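Take a look at the structure set out below.
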Amino acid sequence: PLGGIVGSVTEAGTSTPVAGAKLTLQESGLSAVADSNGTYTLQDTAGPKTLGVTAFGFSPASQPVTINVGTTAPVSVALNRLPGAAVEGQVLDGQTALPVPGATVQILGTPLVQASDAGGAYALGAVPAGTYTVQTFAFGYNRPDLDLTVNAGQDETLDVVLSPGLQVEDFEIANAGWTVTGDATTGMWERGDPQATFEGTEMVQPEDDHTPAGTDAWITGLAAGAVIGQYDVDNGITVLTSPVVDLTGAVAPRVTYRRWYSTGLGNPTTDVFSVEASSDGGSSWVTLESTGQRQTEWALIDRAVADLVVPTAQVRFRFTARDTGVGSITEAGIDDFMVYDTAGAVGTTAPPLGPDGPPVQLSAGFPNPFRAADGTRFALALPSAQRVEAAVYDVHGRRVASLQRGRLPAGPHQIHWDGRTTHGTAAAAGVYFLKLRSVGGSESRKIVLLR
């Protein structure tokens, strides 16, 4: 005899839905996950139960429930948010100090992840107090892991400075020194826009490359053909070899690429896909990976070069797809290849805003004191185009709102604060400070927010 419970999970005090909360009936282990509206449904045998609820960023909760045969009882749960703070920042190019849009910023071990916007800015919202590792990835740059400590009530700014890769290939332009060799009768490596092939409903050769804004990749025979095996790798091997990259100045170089590989019919154990590295321009090779595992997706591979070969001035990589012995359907692809130095220009704070220059002109806030309904404005005059950061802090030095972060042209500008925090809530009445940072130095202006 079964019954059920149905309800919602919300944040205590705000009634905001807690999507992704896990609800478990502890006696049976049956569980459900709250949907985007915070709602759930659970069924179990009749009787008294204990309902446990967990969600990232919230204190776990449990409560007794009773399940009656043939009925669904309403049971809603309010979770208390753990003490924490907001984390935000900007992702920047370490060579140009320009923003890097579309970078993925993730706090490892948590569901918190966001892509930087057109200005390189990101905001991860409320993060529970604790120590974390923040990983940032943007194709064409190194992939730093930064330490982050979040203290309750103290919003954190974590700017990430990325170092451009040492060799970056999305294969959208000419071959750039990549060479193809081998003796396969079909399925030799080709650079271009692939056509999909299928084994039943499963894709064997990809329909698209991996680069989000691109179309081309290296594929073993671009055309689909009339039948699945017409242009796959047959009767030999096909080898794709990279140009030489000089890694003598790199501290901790790594190689990364996206790999597609399928071998599912015929003799898959023989037809392995292999990747190798060389430190002497190709005279000798060391295996980076060798797999017969079918993986029909653009899998990410990332390895330390020094684990394979000495980082010399003559490092190369090669990718081999094969069909030897008994025939099989073998397709492979390589895209978004990059060699980067992990120890590149990364940091927990923004890079210098630029060389010393003439000071900017920043007015006092007007009106001041002010009410949130009116807001307050600061006149800013820049003698030259430059990067400017402006934020509001309370008397304890905690950042309340970020107002400007990025490059502005020379000339007059206005900075406006509407009395709201970074989270969009009304700031409490009291004394605050606008702090502005530019190539000319730092400026601070006191303002008073009235009720």
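Naming works like this for the structure tokens: A, B, ... for the chains as they're shown, residue 1 at the start of each chain, ligands 1 onward in shown order.
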
Long-range neighbours of A:Ile301 as a PyMOL selection string, 10 Å cut-off, only C-alpha atoms, 2 positions minimum in chain: chain A and resi 255-259+288-289+298-299+303+337

Using N, CA and C atoms, can you export the residues from the last selection as an mmCIF file, in the first residue's frame?
data_model
loop_
_atom_site.group_PDB
_atom_site.id
_atom_site.type_symbol
_atom_site.label_atom_id
_atom_site.label_comp_id
_atom_site.auth_asym_id
_atom_site.auth_seq_id
_atom_site.Cartn_x
_atom_site.Cartn_y
_atom_site.Cartn_z
ATOM 1 N N VAL A 255 49.287 20.218 -22.365
ATOM 2 C CA VAL A 255 48.661 20.109 -23.680
ATOM 3 C C VAL A 255 47.213 19.687 -23.474
ATOM 4 N N THR A 256 46.313 20.304 -24.209
ATOM 5 C CA THR A 256 44.901 19.979 -24.114
ATOM 6 C C THR A 256 44.286 19.959 -25.506
ATOM 7 N N TYR A 257 43.287 19.101 -25.683
ATOM 8 C CA TYR A 257 42.587 19.012 -26.967
ATOM 9 C C TYR A 257 41.241 18.320 -26.755
ATOM 10 N N ARG A 258 40.386 18.461 -27.725
ATOM 11 C CA ARG A 258 39.110 17.752 -27.752
ATOM 12 C C ARG A 258 39.234 16.589 -28.727
ATOM 13 N N ARG A 259 38.811 15.417 -28.288
ATOM 14 C CA ARG A 259 38.980 14.208 -29.079
ATOM 15 C C ARG A 259 37.654 13.459 -29.252
ATOM 16 N N LEU A 288 51.059 9.424 -25.126
ATOM 17 C CA LEU A 288 50.251 10.268 -24.247
ATOM 18 C C LEU A 288 48.971 9.540 -23.871
ATOM 19 N N GLU A 289 48.302 8.944 -24.847
ATOM 20 C CA GLU A 289 47.141 8.105 -24.584
ATOM 21 C C GLU A 289 46.998 7.092 -25.710
ATOM 22 N N TRP A 298 32.894 15.025 -27.830
ATOM 23 C CA TRP A 298 34.151 15.756 -27.860
ATOM 24 C C TRP A 298 34.748 15.747 -26.457
ATOM 25 N N ALA A 299 35.475 14.669 -26.134
ATOM 26 C CA ALA A 299 36.070 14.505 -24.809
ATOM 27 C C ALA A 299 37.250 15.457 -24.634
ATOM 28 N N ARG A 303 46.874 17.145 -20.275
ATOM 29 C CA ARG A 303 47.995 16.450 -19.655
ATOM 30 C C ARG A 303 49.187 17.379 -19.482
ATOM 31 N N PHE A 337 42.888 22.387 -30.088
ATOM 32 C CA PHE A 337 44.185 21.963 -29.570
ATOM 33 C C PHE A 337 44.921 23.167 -28.979
#

Assign secondary structure with DSSP using the backbone only, and return the residues of stretch 68-105 of chain A in strand (DSSP E) as a VMD selection string. chain A and resid 72 to 74 77 to 79 84 to 93 104 to 105

For the selection you just gave me, I'd like the residues written to a file as a PDB file, in the first residue's frame, keeping C-alpha atoms.
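Okay, this is what ended up in part-v8.pdb:
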ATOM      1  CA  THR A  72      -0.905  12.572  -1.053  1.00  0.00           C
ATOM      2  CA  ALA A  73      -0.221  14.818   1.911  1.00  0.00           C
ATOM      3  CA  PRO A  74       1.148  18.372   1.520  1.00  0.00           C
ATOM      4  CA  VAL A  77      10.065  22.696   3.888  1.00  0.00           C
ATOM      5  CA  ALA A  78      11.858  25.999   4.552  1.00  0.00           C
ATOM      6  CA  LEU A  79      15.667  25.861   4.586  1.00  0.00           C
ATOM      7  CA  GLY A  84      28.331  33.468   3.396  1.00  0.00           C
ATOM      8  CA  ALA A  85      29.008  36.269   0.967  1.00  0.00           C
ATOM      9  CA  ALA A  86      28.852  37.171  -2.703  1.00  0.00           C
ATOM     10  CA  VAL A  87      31.796  36.434  -4.997  1.00  0.00           C
ATOM     11  CA  GLU A  88      32.293  38.370  -8.182  1.00  0.00           C
ATOM     12  CA  GLY A  89      35.089  39.642 -10.347  1.00  0.00           C
ATOM     13  CA  GLN A  90      36.410  40.064 -13.851  1.00  0.00           C
ATOM     14  CA  VAL A  91      38.358  37.792 -16.186  1.00  0.00           C
ATOM     15  CA  LEU A  92      41.157  39.637 -17.984  1.00  0.00           C
ATOM     16  CA  ASP A  93      43.768  38.993 -20.649  1.00  0.00           C
ATOM     17  CA  THR A 104      33.824  29.635 -17.490  1.00  0.00           C
ATOM     18  CA  VAL A 105      34.361  30.426 -13.807  1.00  0.00           C
TER      19      VAL A 105
END

Set the distance at 6 Å and use only C-alpha atoms: which residues neighbour stretch 133-145 of chain A once local chain neighbours fewer than 3 positions away are removed? I'd like the list as an mmCIF file with C-alpha atoms, in the first residue's frame.
data_model
loop_
_atom_site.group_PDB
_atom_site.id
_atom_site.type_symbol
_atom_site.label_atom_id
_atom_site.label_comp_id
_atom_site.auth_asym_id
_atom_site.auth_seq_id
_atom_site.Cartn_x
_atom_site.Cartn_y
_atom_site.Cartn_z
ATOM 1 C CA ALA A 103 35.210 32.357 -19.748
ATOM 2 C CA THR A 104 33.824 29.635 -17.490
ATOM 3 C CA VAL A 105 34.361 30.426 -13.807
ATOM 4 C CA GLN A 106 33.571 27.561 -11.443
ATOM 5 C CA ILE A 107 33.964 26.905 -7.742
ATOM 6 C CA LEU A 108 35.109 23.290 -7.689
ATOM 7 C CA LEU A 148 39.362 31.543 -2.398
ATOM 8 C CA LEU A 162 44.662 34.657 -17.894
ATOM 9 C CA SER A 163 47.837 34.033 -19.852
ATOM 10 C CA PRO A 164 47.433 33.358 -23.614
ATOM 11 C CA GLY A 165 48.303 29.850 -24.761
ATOM 12 C CA VAL A 168 46.435 27.609 -29.950
ATOM 13 C CA TYR A 340 49.646 26.444 -22.397
ATOM 14 C CA THR A 342 49.953 26.658 -16.071
#

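Distances from A:Ile5, A:Val150, A:Gln293, A:Ser116 to A:Gly70 were compared using only C-alpha atoms, and the smallest one belongs to A:Ile5.
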
Close residues, stretch 423-428 of chain A itself excluded, 8 Å, only C-alpha atoms, min 5 positions apart in chain, as number ranges by chain: A: 125, 372, 400, 449, 451

Would you output that residue set with C-alpha atoms, as a compact mmCIF listing (two decimals), in the first residue's frame?
# COMPACT_ATOMS: atom_id res chain seq x y z
CA GLY A 125 26.00 34.91 -6.00
CA ALA A 372 17.27 55.64 -2.72
CA VAL A 400 28.11 46.80 -0.96
CA LEU A 449 21.93 57.23 2.47
CA ARG A 451 15.69 56.25 5.00

Could you pull the residues within 8 Å of A:Asp193, counting only C-alpha atoms, minus those fewer than 4 positions along the same chain, as an NGL selection string? :A and (207-209 or 215-217 or 222)

Just to confirm, what's the straight-line distance from atom CA of A:Gly38 to atom CA of A:Gly20 in Å (one decimal)? 7.3 Å

Find, counting only C-alpha atoms, the residue in A:Glu11, A:Asp307, A:Glu389, A:Glu169 that gets nearest to A:Ser438. A:Glu389

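Interatomic distance, atom CA of A:Arg81 to atom CA of A:Arg420: 20.9 Å.
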
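Between A:Thr238 and the residues A:Ala332, A:Ala213, A:Ala152, A:Leu166, the shortest atom-to-atom distance, using only C-alpha atoms, involves A:Ala332.
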